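Raw upload-v8.csv, CSV, C-alpha atoms and all ligand atoms:
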```csv
chain,number,residue,atom,x,y,z
A,1,MET,CA,-21.3,-27.2,-1.9
A,2,LYS,CA,-23.9,-27.8,-4.5
A,3,LEU,CA,-22.8,-25.1,-6.9
A,4,THR,CA,-19.4,-26.5,-7.5
A,5,ALA,CA,-21.0,-29.2,-9.7
A,6,ALA,CA,-21.7,-26.4,-12.2
A,7,LEU,CA,-18.0,-25.4,-12.4
A,8,LYS,CA,-15.2,-26.7,-14.6
A,9,LEU,CA,-12.5,-27.5,-12.1
A,10,PRO,CA,-9.6,-27.8,-12.2
A,11,SER,CA,-9.5,-24.9,-14.7
A,12,PRO,CA,-7.8,-26.1,-18.0
A,13,ILE,CA,-4.2,-25.3,-18.9
A,14,GLN,CA,-3.4,-24.1,-22.5
A,15,ALA,CA,0.1,-24.2,-23.9
A,16,LEU,CA,0.3,-21.0,-25.8
A,17,ALA,CA,1.7,-21.5,-29.2
A,18,HIS,CA,3.1,-18.0,-29.8
A,19,PRO,CA,6.1,-17.5,-32.2
A,20,LEU,CA,7.8,-15.3,-29.6
A,21,CYS,CA,8.0,-18.1,-27.1
A,22,LYS,CA,9.6,-20.4,-29.7
A,23,ALA,CA,12.0,-17.7,-30.8
A,24,LYS,CA,13.1,-17.1,-27.2
A,25,GLN,CA,13.0,-20.8,-26.2
A,26,LEU,CA,10.4,-20.3,-23.5
A,27,LYS,CA,7.5,-22.4,-22.4
A,28,LEU,CA,4.3,-20.5,-21.7
A,29,TRP,CA,1.2,-22.0,-20.2
A,30,VAL,CA,-2.0,-20.2,-19.5
A,31,LYS,CA,-4.2,-21.4,-16.7
A,32,ARG,CA,-7.7,-20.6,-18.1
A,33,GLU,CA,-9.6,-19.6,-15.0
A,34,ASP,CA,-12.0,-17.8,-17.4
A,35,LEU,CA,-13.3,-21.2,-18.4
A,36,ILE,CA,-14.4,-22.2,-14.8
A,37,HIS,CA,-17.9,-21.0,-15.6
A,38,LEU,CA,-19.5,-18.7,-18.1
A,39,GLN,CA,-20.6,-16.2,-15.4
A,40,LEU,CA,-18.9,-17.3,-12.3
A,41,SER,CA,-15.4,-17.1,-13.7
A,42,GLY,CA,-11.8,-16.6,-12.8
A,43,ASN,CA,-10.5,-15.2,-9.7
A,44,LYS,CA,-13.9,-13.9,-8.6
A,45,TRP,CA,-15.0,-17.6,-8.1
A,46,ARG,CA,-11.7,-18.3,-6.2
A,47,LYS,CA,-12.4,-15.4,-3.9
A,48,LEU,CA,-16.0,-16.4,-3.3
A,49,HIS,CA,-15.3,-20.1,-2.7
A,50,PHE,CA,-14.3,-20.1,1.0
A,51,ASN,CA,-16.5,-17.1,1.8
A,52,LEU,CA,-19.5,-19.1,0.6
A,53,ARG,CA,-18.4,-22.3,2.3
A,54,SER,CA,-17.9,-20.6,5.7
A,55,ALA,CA,-21.1,-18.7,5.3
A,56,LEU,CA,-23.0,-21.9,4.7
A,57,GLU,CA,-21.4,-23.4,7.9
A,58,MET,CA,-22.5,-20.3,9.8
A,59,GLY,CA,-26.1,-20.6,8.5
A,60,LYS,CA,-26.1,-17.6,6.3
A,61,LYS,CA,-28.7,-17.5,3.6
A,62,GLN,CA,-28.2,-14.3,1.6
A,63,VAL,CA,-25.4,-12.1,0.4
A,64,LEU,CA,-24.7,-8.3,0.2
A,65,THR,CA,-21.8,-6.8,-1.6
A,66,PHE,CA,-20.5,-3.6,-3.3
A,67,GLY,CA,-19.2,-2.6,-6.7
A,68,GLY,CA,-18.9,-0.1,-9.5
A,69,ALA,CA,-21.1,-0.2,-12.5
A,70,TYR,CA,-18.9,-2.6,-14.5
A,71,SER,CA,-17.7,-4.7,-11.5
A,72,ASN,CA,-16.7,-8.3,-12.3
A,73,HIS,CA,-17.2,-9.0,-8.6
A,74,LEU,CA,-20.8,-7.9,-8.6
A,75,TYR,CA,-21.5,-9.9,-11.7
A,76,ALA,CA,-19.9,-13.1,-10.3
A,77,THR,CA,-21.6,-12.7,-6.9
A,78,ALA,CA,-25.0,-12.3,-8.6
A,79,ALA,CA,-24.2,-15.6,-10.6
A,80,ALA,CA,-23.1,-17.4,-7.4
A,81,ALA,CA,-26.1,-16.3,-5.4
A,82,GLN,CA,-28.4,-17.5,-8.1
A,83,LEU,CA,-26.7,-20.9,-8.3
A,84,MET,CA,-27.0,-21.1,-4.4
A,85,GLY,CA,-30.6,-20.0,-4.5
A,86,TRP,CA,-29.8,-17.0,-2.2
A,87,PRO,CA,-31.2,-13.5,-2.4
A,88,ALA,CA,-28.5,-11.0,-3.2
A,89,ILE,CA,-28.2,-7.2,-2.7
A,90,GLY,CA,-25.7,-5.2,-4.7
A,91,ILE,CA,-24.8,-1.7,-3.6
A,92,VAL,CA,-23.7,0.1,-6.7
A,93,ARG,CA,-21.5,3.2,-6.8
A,94,GLY,CA,-23.2,6.2,-8.5
A,95,GLU,CA,-26.5,7.1,-10.1
A,96,ALA,CA,-28.4,4.4,-12.0
A,97,VAL,CA,-28.0,5.0,-15.7
A,98,LYS,CA,-30.9,3.5,-17.7
A,99,PRO,CA,-30.9,1.3,-19.7
A,100,LEU,CA,-28.6,-0.6,-17.4
A,101,ASN,CA,-25.2,-1.6,-18.8
A,102,PRO,CA,-24.7,-5.4,-19.6
A,103,THR,CA,-22.9,-6.1,-16.3
A,104,LEU,CA,-25.7,-4.6,-14.2
A,105,ARG,CA,-28.4,-6.0,-16.4
A,106,PHE,CA,-27.0,-9.5,-15.9
A,107,ALA,CA,-26.8,-9.0,-12.1
A,108,GLN,CA,-30.4,-7.7,-12.0
A,109,ASP,CA,-31.7,-10.5,-14.3
A,110,SER,CA,-30.0,-13.0,-12.0
A,111,GLY,CA,-32.1,-11.7,-9.2
A,112,MET,CA,-29.7,-9.3,-7.5
A,113,ASP,CA,-31.4,-6.3,-5.9
A,114,LEU,CA,-29.4,-3.3,-7.0
A,115,ARG,CA,-29.2,-0.3,-4.8
A,116,PHE,CA,-27.6,2.8,-6.4
A,117,VAL,CA,-26.0,5.2,-4.0
A,118,SER,CA,-24.0,8.4,-4.3
A,119,ARG,CA,-20.2,8.2,-4.3
A,120,SER,CA,-20.0,9.7,-0.9
A,121,ASP,CA,-22.5,7.3,0.5
A,122,TYR,CA,-20.8,4.4,-1.2
A,123,ARG,CA,-17.6,5.2,0.6
A,124,ARG,CA,-19.3,4.5,3.9
A,125,GLY,CA,-19.7,0.9,2.8
A,126,VAL,CA,-20.9,-1.5,5.5
A,127,ASP,CA,-22.1,1.4,7.8
A,128,LEU,CA,-24.3,2.6,5.0
A,129,ALA,CA,-25.8,-0.8,4.3
A,130,ALA,CA,-26.5,-1.3,8.0
A,131,GLU,CA,-28.2,2.1,8.3
A,132,LEU,CA,-30.4,1.2,5.3
A,133,GLY,CA,-31.4,-2.0,7.2
A,134,LEU,CA,-30.0,-4.2,4.5
A,135,ILE,CA,-27.8,-6.4,6.8
A,136,LYS,CA,-29.5,-9.3,8.6
A,137,ALA,CA,-28.0,-11.8,11.0
A,138,ASP,CA,-27.9,-14.3,8.1
A,139,THR,CA,-26.4,-12.0,5.6
A,140,LEU,CA,-22.9,-12.7,4.2
A,141,VAL,CA,-21.3,-9.3,3.6
A,142,LEU,CA,-18.5,-9.1,1.1
A,143,PRO,CA,-16.3,-6.1,0.4
A,144,GLU,CA,-15.9,-4.4,-3.0
A,145,GLY,CA,-13.7,-6.6,-5.3
A,146,GLY,CA,-14.3,-9.6,-2.9
A,147,THR,CA,-10.9,-9.4,-1.2
A,148,ASN,CA,-10.6,-10.7,2.4
A,149,VAL,CA,-8.6,-13.4,4.0
A,150,LEU,CA,-11.0,-16.1,3.0
A,151,ALA,CA,-10.7,-14.9,-0.6
A,152,LEU,CA,-6.9,-15.3,-0.3
A,153,ARG,CA,-7.4,-18.8,0.8
A,154,GLY,CA,-9.4,-19.6,-2.3
A,155,CYS,CA,-6.7,-18.1,-4.5
A,156,ALA,CA,-4.0,-20.1,-2.7
A,157,GLU,CA,-5.9,-23.2,-3.9
A,158,ILE,CA,-4.9,-22.5,-7.4
A,159,THR,CA,-1.4,-23.6,-6.7
A,160,GLU,CA,-2.7,-27.0,-5.4
A,161,GLU,CA,-4.4,-27.5,-8.7
A,162,MET,CA,-1.3,-26.6,-10.7
A,163,GLU,CA,0.7,-29.3,-8.8
A,164,GLU,CA,-1.5,-32.0,-10.2
A,165,GLN,CA,-1.9,-30.5,-13.7
A,166,LEU,CA,1.5,-29.3,-14.9
A,167,PRO,CA,4.0,-31.6,-16.6
A,168,GLU,CA,6.8,-29.4,-15.4
A,169,TRP,CA,6.9,-26.9,-12.5
A,170,PRO,CA,7.1,-23.2,-13.7
A,171,ASP,CA,9.9,-20.8,-12.9
A,172,TYR,CA,7.6,-17.8,-13.1
A,173,ILE,CA,3.9,-17.3,-12.4
A,174,VAL,CA,2.4,-14.1,-13.7
A,175,LEU,CA,-1.0,-12.5,-13.1
A,176,CYS,CA,-2.6,-9.1,-13.1
A,177,CYS,CA,-3.4,-7.1,-9.9
A,178,GLY,CA,-6.3,-4.9,-9.0
A,179,THR,CA,-6.8,-5.0,-5.2
A,180,GLY,CA,-3.8,-7.4,-5.1
A,181,GLY,CA,-5.9,-10.0,-3.2
A,182,THR,CA,-5.5,-12.7,-5.9
A,183,ALA,CA,-1.8,-12.1,-6.1
A,184,ALA,CA,-1.5,-12.3,-2.3
A,185,GLY,CA,-3.4,-15.6,-2.1
A,186,LEU,CA,-1.4,-17.1,-4.9
A,187,ILE,CA,1.9,-16.0,-3.3
A,188,ALA,CA,0.7,-17.5,0.0
A,189,GLY,CA,-0.1,-20.8,-1.7
A,190,LEU,CA,3.1,-21.0,-3.6
A,191,LYS,CA,5.4,-20.4,-0.6
A,192,ASP,CA,8.3,-19.3,-2.8
A,193,ARG,CA,8.2,-22.3,-5.1
A,194,ALA,CA,8.2,-20.0,-8.1
A,195,GLU,CA,8.9,-16.3,-8.8
A,196,VAL,CA,5.6,-14.4,-9.0
A,197,ILE,CA,5.2,-11.2,-11.0
A,198,GLY,CA,2.1,-9.2,-10.6
A,199,PHE,CA,1.2,-6.7,-13.4
A,200,SER,CA,-0.7,-3.7,-12.0
A,201,VAL,CA,-3.7,-2.6,-14.0
A,202,LEU,CA,-3.7,0.7,-12.1
A,203,LYS,CA,-1.4,3.6,-12.1
A,204,GLY,CA,0.8,3.9,-9.0
A,205,ASP,CA,3.2,2.0,-6.9
A,206,PHE,CA,1.1,0.8,-4.0
A,207,HIS,CA,0.7,-3.0,-4.5
A,208,GLN,CA,3.9,-3.9,-2.8
A,209,LYS,CA,2.7,-2.7,0.5
A,210,ILE,CA,-0.9,-3.8,0.1
A,211,ILE,CA,0.2,-7.4,-0.8
A,212,ALA,CA,2.7,-7.5,2.1
A,213,ASP,CA,-0.1,-6.5,4.4
A,214,TRP,CA,-2.4,-9.1,3.1
A,215,LEU,CA,0.2,-11.8,3.5
A,216,LEU,CA,0.6,-10.8,7.2
A,217,LYS,CA,-3.2,-10.9,7.7
A,218,TYR,CA,-3.3,-14.3,6.0
A,219,GLN,CA,-0.6,-15.6,8.3
A,220,GLN,CA,-2.5,-14.4,11.3
A,221,ALA,CA,-5.7,-15.9,10.1
A,222,PHE,CA,-4.2,-19.3,9.1
A,223,PRO,CA,-0.9,-19.7,10.9
A,224,ASP,CA,-0.8,-23.4,10.0
A,225,GLN,CA,-0.9,-22.5,6.3
A,226,LEU,CA,2.0,-20.1,6.2
A,227,SER,CA,4.9,-20.5,8.6
A,228,SER,CA,7.0,-17.7,7.0
A,229,ILE,CA,6.2,-14.8,4.6
A,230,PRO,CA,7.1,-15.6,1.0
A,231,GLN,CA,9.7,-13.2,-0.6
A,232,ARG,CA,9.9,-14.3,-4.2
A,233,TRP,CA,7.5,-11.8,-5.8
A,234,SER,CA,7.4,-8.4,-7.3
A,235,ILE,CA,5.0,-5.9,-9.0
A,236,ASN,CA,5.5,-4.6,-12.5
A,237,THR,CA,4.0,-1.1,-12.8
A,238,GLN,CA,4.8,-0.4,-16.5
A,239,TYR,CA,1.7,-1.7,-18.3
A,240,HIS,CA,-1.3,0.1,-16.8
A,241,PHE,CA,-2.0,2.1,-20.1
A,242,GLY,CA,-2.8,5.3,-18.3
A,243,GLY,CA,-4.7,3.8,-15.3
A,244,TYR,CA,-7.6,1.6,-14.4
A,245,ALA,CA,-9.9,1.0,-17.4
A,246,ARG,CA,-7.7,3.3,-19.5
A,247,PHE,CA,-6.4,2.0,-22.8
A,248,GLN,CA,-4.6,2.8,-26.0
A,249,PRO,CA,-5.1,1.4,-29.6
A,250,SER,CA,-2.1,-0.8,-29.2
A,251,LEU,CA,-3.8,-2.7,-26.3
A,252,ILE,CA,-7.0,-3.2,-28.4
A,253,ASP,CA,-5.0,-4.5,-31.4
A,254,PHE,CA,-3.1,-6.9,-29.1
A,255,ILE,CA,-6.3,-8.2,-27.6
A,256,ASN,CA,-7.9,-8.8,-31.0
A,257,GLU,CA,-4.7,-10.5,-32.3
A,258,SER,CA,-4.6,-12.7,-29.3
A,259,ARG,CA,-8.2,-14.0,-29.8
A,260,ASP,CA,-7.9,-14.3,-33.6
A,261,ASN,CA,-4.4,-15.9,-33.8
A,262,TYR,CA,-3.8,-17.7,-30.5
A,263,GLN,CA,-7.2,-18.8,-29.3
A,264,LEU,CA,-6.8,-16.6,-26.2
A,265,PRO,CA,-9.7,-14.2,-25.5
A,266,LEU,CA,-8.6,-11.3,-23.2
A,267,ASP,CA,-10.5,-8.4,-21.6
A,268,PRO,CA,-9.3,-4.7,-21.8
A,269,ILE,CA,-9.4,-4.0,-18.1
A,270,TYR,CA,-7.2,-6.8,-16.6
A,271,THR,CA,-6.0,-9.8,-18.6
A,272,GLY,CA,-5.2,-7.8,-21.8
A,273,LYS,CA,-2.7,-5.6,-19.9
A,274,LEU,CA,-1.2,-8.7,-18.3
A,275,PHE,CA,-0.5,-10.5,-21.5
A,276,TYR,CA,0.6,-7.3,-23.4
A,277,GLY,CA,3.1,-6.7,-20.6
A,278,LEU,CA,4.2,-10.3,-20.5
A,279,LEU,CA,4.9,-10.6,-24.2
A,280,ASP,CA,6.6,-7.3,-24.2
A,281,LEU,CA,9.0,-8.5,-21.4
A,282,ILE,CA,9.5,-11.7,-23.3
A,283,ALA,CA,10.4,-9.7,-26.5
A,284,LYS,CA,12.9,-7.7,-24.4
A,285,ASP,CA,14.6,-10.8,-23.0
A,286,TYR,CA,13.5,-10.3,-19.5
A,287,PHE,CA,13.2,-14.1,-19.0
A,288,PRO,CA,16.3,-16.3,-19.5
A,289,PRO,CA,16.1,-18.9,-22.3
A,290,GLN,CA,14.4,-22.2,-21.2
A,291,SER,CA,12.3,-20.4,-18.6
A,292,ARG,CA,8.9,-21.9,-17.9
A,293,ILE,CA,6.2,-19.3,-17.4
A,294,LEU,CA,2.6,-19.9,-16.2
A,295,ALA,CA,0.2,-17.0,-16.8
A,296,LEU,CA,-3.0,-16.9,-14.8
A,297,HIS,CA,-6.0,-15.9,-16.9
A,298,THR,CA,-8.2,-14.5,-14.2
A,299,GLY,CA,-11.4,-14.2,-16.3
A,300,GLY,CA,-13.2,-10.9,-16.7
A,301,LEU,CA,-14.5,-11.5,-20.2
A,302,GLN,CA,-18.0,-10.4,-19.3
A,303,GLY,CA,-16.6,-6.8,-19.3
A,304,ILE,CA,-16.0,-6.8,-23.1
A,305,GLN,CA,-19.7,-6.2,-23.9
A,306,GLY,CA,-19.9,-3.2,-21.7
A,307,PHE,CA,-16.6,-1.9,-23.0
A,308,ASN,CA,-17.7,-2.1,-26.6
A,309,ASP,CA,-21.0,-0.4,-25.7
A,310,ARG,CA,-19.1,2.5,-24.3
A,311,HIS,CA,-16.3,2.8,-26.8
A,312,GLY,CA,-17.7,1.3,-30.0
A,313,PRO,CA,-17.1,-2.3,-31.2
A,314,LEU,CA,-13.4,-2.2,-30.7
A,315,ILE,CA,-12.9,-5.7,-29.3
A,316,HIS,CA,-13.8,-8.7,-31.5
A,317,THR,CA,-16.3,-11.0,-30.0
A,318,PRO,CA,-17.1,-14.6,-31.1
B,401,LIG,C1,-11.0,-8.5,-10.2
B,401,LIG,C2,-10.1,-9.0,-11.3
B,401,LIG,C3,-8.7,-8.9,-11.1
B,401,LIG,C4,-8.0,-8.3,-9.9
B,401,LIG,O1,-8.0,-9.2,-8.9
B,401,LIG,P1,-7.5,-8.6,-7.5
B,401,LIG,O2,-7.6,-9.8,-6.6
B,401,LIG,O3,-8.4,-7.5,-7.1
B,401,LIG,O4,-6.1,-8.1,-7.6
B,401,LIG,C5,-7.9,-9.5,-12.1
B,401,LIG,N1,-8.4,-10.0,-13.2
B,401,LIG,C6,-9.8,-10.1,-13.4
B,401,LIG,C7,-10.3,-10.6,-14.7
B,401,LIG,C8,-10.6,-9.6,-12.5
B,401,LIG,O5,-12.0,-9.6,-12.7
```
Please render this file's structure as structure tokens.
Ligand SMILES: *Cc1c(COP(=O)(O)O)cnc(C)c1O
Amino acid sequence: MKLTAALKLPSPIQALAHPLCKAKQLKLWVKREDLIHLQLSGNKWRKLHFNLRSALEMGKKQVLTFGGAYSNHLYATAAAAQLMGWPAIGIVRGEAVKPLNPTLRFAQDSGMDLRFVSRSDYRRGVDLAAELGLIKADTLVLPEGGTNVLALRGCAEITEEMEEQLPEWPDYIVLCCGTGGTAAGLIAGLKDRAEVIGFSVLKGDFHQKIIADWLLKYQQAFPDQLSSIPQRWSINTQYHFGGYARFQPSLIDFINESRDNYQLPLDPIYTGKLFYGLLDLIAKDYFPPQSRILALHTGGLQGIQGFNDRHGPLIHTP
């Protein structure tokens, strides 16, 4: 696929020099998926990869997807479509607010045709898009957030990259969870070769079931990839900071320190909560000494600009 030439793969691994790791005798690596591409970054690229490949094989030539006004998935899909030379339609939840926020402005500037629909229409998803006549035979239709079994397949690939990159195999792999698709794909790729901890960025205790369901769907879709359902994973629900896109000053301070002191830029919606939770667990001796931990930086840095526009310039930018 032509667009992969524009991507930095495998994504680099950063050994995080944090005093807490030294004090607790732990090794912490960060797989910097945010560096894959400036706009087509992180897990959103991983989720698009096999979807785009199979769409090309099926002769598809355009893409339609769904998202909220600050959606990393809409943003990445717009970037991917532009790199592919494909027309793209983005169905956006809620009224258009002008001027457009930085996420939607980027999508539109990349050539994505944005259609704003009411929340109740948005919930009708593909049915609505079909009624509006937006789905053609050659349209690749992707769900909100980009999670489907092909997306999981792309996330499973991360583990193959790690095998070639890491000097030592990790005991733990940690990442943040929105829909849980990235976690499910990673768990499927790992096949119990490390303990996975997913940090939920939403309030509630629903990821366990969603991820288990995705693993079953993945096994049905790719029986040769997964002979048994992996068991070594859990979800931490303690670091959502009040819910999706909610935050507290301690999270903002942590994100700024992380960029300023450890060369690790984080976003407030996803990766900031992951690393806050991870370092808090390290401080509380959750991990035995000598543990090797790999944290997946799933990207999402595009969201900082929109966040600062809404809340004031809270998060330092380069
Ligand atoms: C979308 C997103 C996630 C959540 O991924 P899921 O597969 O939906 O769990 C995590 N991190 C970042 C940066 C994201 O953009």
Checklist entry - Neighbours of stretch 38-50 of chain A within 7 Å (all atoms listed in the file; same-chain residues fewer than 5 positions away dropped), as number ranges by chain? => result A: 33, 73, 76, 79-80, 146-147, 150-152, 154-155, 182, 298-299
For A:Ala78, please output as a PDB file with C-alpha atoms, keeping the file's coordinate frame all residues within 12 Å (counting all atoms listed in the file; exclusion window: fewer than 6 positions along the same chain).
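Below is the file that was written, out17.pdb:
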```pdb
ATOM      1  CA  GLN A  39     -20.600 -16.200 -15.400  1.00  0.00           C
ATOM      2  CA  LEU A  40     -18.900 -17.300 -12.300  1.00  0.00           C
ATOM      3  CA  SER A  41     -15.400 -17.100 -13.700  1.00  0.00           C
ATOM      4  CA  LYS A  44     -13.900 -13.900  -8.600  1.00  0.00           C
ATOM      5  CA  TRP A  45     -15.000 -17.600  -8.100  1.00  0.00           C
ATOM      6  CA  LEU A  48     -16.000 -16.400  -3.300  1.00  0.00           C
ATOM      7  CA  GLN A  62     -28.200 -14.300   1.600  1.00  0.00           C
ATOM      8  CA  VAL A  63     -25.400 -12.100   0.400  1.00  0.00           C
ATOM      9  CA  LEU A  64     -24.700  -8.300   0.200  1.00  0.00           C
ATOM     10  CA  THR A  65     -21.800  -6.800  -1.600  1.00  0.00           C
ATOM     11  CA  PHE A  66     -20.500  -3.600  -3.300  1.00  0.00           C
ATOM     12  CA  GLY A  67     -19.200  -2.600  -6.700  1.00  0.00           C
ATOM     13  CA  SER A  71     -17.700  -4.700 -11.500  1.00  0.00           C
ATOM     14  CA  ASN A  72     -16.700  -8.300 -12.300  1.00  0.00           C
ATOM     15  CA  MET A  84     -27.000 -21.100  -4.400  1.00  0.00           C
ATOM     16  CA  GLY A  85     -30.600 -20.000  -4.500  1.00  0.00           C
ATOM     17  CA  TRP A  86     -29.800 -17.000  -2.200  1.00  0.00           C
ATOM     18  CA  PRO A  87     -31.200 -13.500  -2.400  1.00  0.00           C
ATOM     19  CA  ALA A  88     -28.500 -11.000  -3.200  1.00  0.00           C
ATOM     20  CA  ILE A  89     -28.200  -7.200  -2.700  1.00  0.00           C
ATOM     21  CA  GLY A  90     -25.700  -5.200  -4.700  1.00  0.00           C
ATOM     22  CA  ILE A  91     -24.800  -1.700  -3.600  1.00  0.00           C
ATOM     23  CA  THR A 103     -22.900  -6.100 -16.300  1.00  0.00           C
ATOM     24  CA  LEU A 104     -25.700  -4.600 -14.200  1.00  0.00           C
ATOM     25  CA  ARG A 105     -28.400  -6.000 -16.400  1.00  0.00           C
ATOM     26  CA  PHE A 106     -27.000  -9.500 -15.900  1.00  0.00           C
ATOM     27  CA  ALA A 107     -26.800  -9.000 -12.100  1.00  0.00           C
ATOM     28  CA  GLN A 108     -30.400  -7.700 -12.000  1.00  0.00           C
ATOM     29  CA  ASP A 109     -31.700 -10.500 -14.300  1.00  0.00           C
ATOM     30  CA  SER A 110     -30.000 -13.000 -12.000  1.00  0.00           C
ATOM     31  CA  GLY A 111     -32.100 -11.700  -9.200  1.00  0.00           C
ATOM     32  CA  MET A 112     -29.700  -9.300  -7.500  1.00  0.00           C
ATOM     33  CA  ASP A 113     -31.400  -6.300  -5.900  1.00  0.00           C
ATOM     34  CA  LEU A 114     -29.400  -3.300  -7.000  1.00  0.00           C
TER      35      LEU A 114
END
```
Item to check | Near-stretch 241-249 of chain A list (8 Å; all atoms listed in the file; drop same-chain fewer than 2 positions) as a PyMOL selection string | outcome: chain A and resi 201-203+239+251-253+268-269+273
Checklist entry - Out of A:Pro143, A:Leu190, A:Ala130, A:Lys136, which residue has the shortest atom-to-atom distance to A:Ala156 when counting all atoms listed in the file? => result A:Leu190
Next on the checklist: Which residues are near ligand LIG 401 (chain B) in this structure, taking near to mean any atom at most 6 Å from a ligand atom and counting only C-alpha atoms and all ligand atoms? Format them as a ChimeraX atom specification.
Outcome noted: /A:72,145,176-182,270-271,298-300
Given the selection you just returned, output its residues as a file containing C-alpha atoms, formatted as a PDB file, in the coordinates of the input.
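Below you can see part_10.pdb, which holds the result:
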```
ATOM      1  CA  ASN A  72     -16.700  -8.300 -12.300  1.00  0.00           C
ATOM      2  CA  GLY A 145     -13.700  -6.600  -5.300  1.00  0.00           C
ATOM      3  CA  CYS A 176      -2.600  -9.100 -13.100  1.00  0.00           C
ATOM      4  CA  CYS A 177      -3.400  -7.100  -9.900  1.00  0.00           C
ATOM      5  CA  GLY A 178      -6.300  -4.900  -9.000  1.00  0.00           C
ATOM      6  CA  THR A 179      -6.800  -5.000  -5.200  1.00  0.00           C
ATOM      7  CA  GLY A 180      -3.800  -7.400  -5.100  1.00  0.00           C
ATOM      8  CA  GLY A 181      -5.900 -10.000  -3.200  1.00  0.00           C
ATOM      9  CA  THR A 182      -5.500 -12.700  -5.900  1.00  0.00           C
ATOM     10  CA  TYR A 270      -7.200  -6.800 -16.600  1.00  0.00           C
ATOM     11  CA  THR A 271      -6.000  -9.800 -18.600  1.00  0.00           C
ATOM     12  CA  THR A 298      -8.200 -14.500 -14.200  1.00  0.00           C
ATOM     13  CA  GLY A 299     -11.400 -14.200 -16.300  1.00  0.00           C
ATOM     14  CA  GLY A 300     -13.200 -10.900 -16.700  1.00  0.00           C
TER      15      GLY A 300
END
```
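If you look at atom CA of A:Ile293 and atom CA of A:Asn261, they are 19.8 Å away from each other.
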Next on the checklist: So the first atom is atom CA of A:Leu175 and the second is atom CA of A:Lys284; what is the distance between them in Å, to one decimal place?
Outcome noted: 18.5 Å
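Note that atom CA of A:Asp224 and atom CA of A:Gln208 are 23.8 Å apart.
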Checklist outcome for this item: With distances taken over all atoms listed in the file, the candidate from A:Ser291, A:Ser200, A:Thr159, A:Gln225 nearest A:Gly277 is A:Ser200
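Nearest to A:His37 of all the residues A:Leu20, A:Arg53, A:Pro12, A:Leu266 is A:Pro12, counting all atoms listed in the file.
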Exercise: A:Ile315 partners within 9 Å, all atoms listed in the file, chain neighbours under 5 positions left out, as an mmCIF file with C-alpha atoms, in the frame of the given file:
```
data_model
loop_
_atom_site.group_PDB
_atom_site.id
_atom_site.type_symbol
_atom_site.label_atom_id
_atom_site.label_comp_id
_atom_site.auth_asym_id
_atom_site.auth_seq_id
_atom_site.Cartn_x
_atom_site.Cartn_y
_atom_site.Cartn_z
ATOM 1 C CA ILE A 252 -7.000 -3.200 -28.400
ATOM 2 C CA ASP A 253 -5.000 -4.500 -31.400
ATOM 3 C CA ILE A 255 -6.300 -8.200 -27.600
ATOM 4 C CA ASN A 256 -7.900 -8.800 -31.000
ATOM 5 C CA ASP A 267 -10.500 -8.400 -21.600
ATOM 6 C CA PRO A 268 -9.300 -4.700 -21.800
ATOM 7 C CA ILE A 304 -16.000 -6.800 -23.100
ATOM 8 C CA GLN A 305 -19.700 -6.200 -23.900
ATOM 9 C CA PHE A 307 -16.600 -1.900 -23.000
ATOM 10 C CA ASN A 308 -17.700 -2.100 -26.600
#
```
Checklist entry - Using only C-alpha atoms, which of the listed residues (A:Gln165, A:Ser250, A:Thr77, A:Asn148) sits closest to A:Lys217? => result A:Asn148
Checklist entry - Which polymer residues, protein or nucleic acid, are no farther than 9 Å from (9.8, -12.1, -29.4), counting all atoms listed in the file, as JSON, numbers by chain? => result {"A": [18, 19, 20, 21, 22, 23, 24, 279, 280, 281, 282, 283, 284, 285]}
Next on the checklist: Report as a ChimeraX atom specification all protein, DNA and RNA residues lying within 9 Å of A:Gly94, evaluated on all atoms listed in the file, omitting residues in the same chain fewer than 3 positions from it.
Outcome noted: /A:68-69,97,116-120,122
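The shortest atom-to-atom distance to A:Arg153, with all atoms listed in the file taken into account, belongs to A:Phe222 out of A:Ala81, A:Gly272, A:Phe222, A:Asp34.
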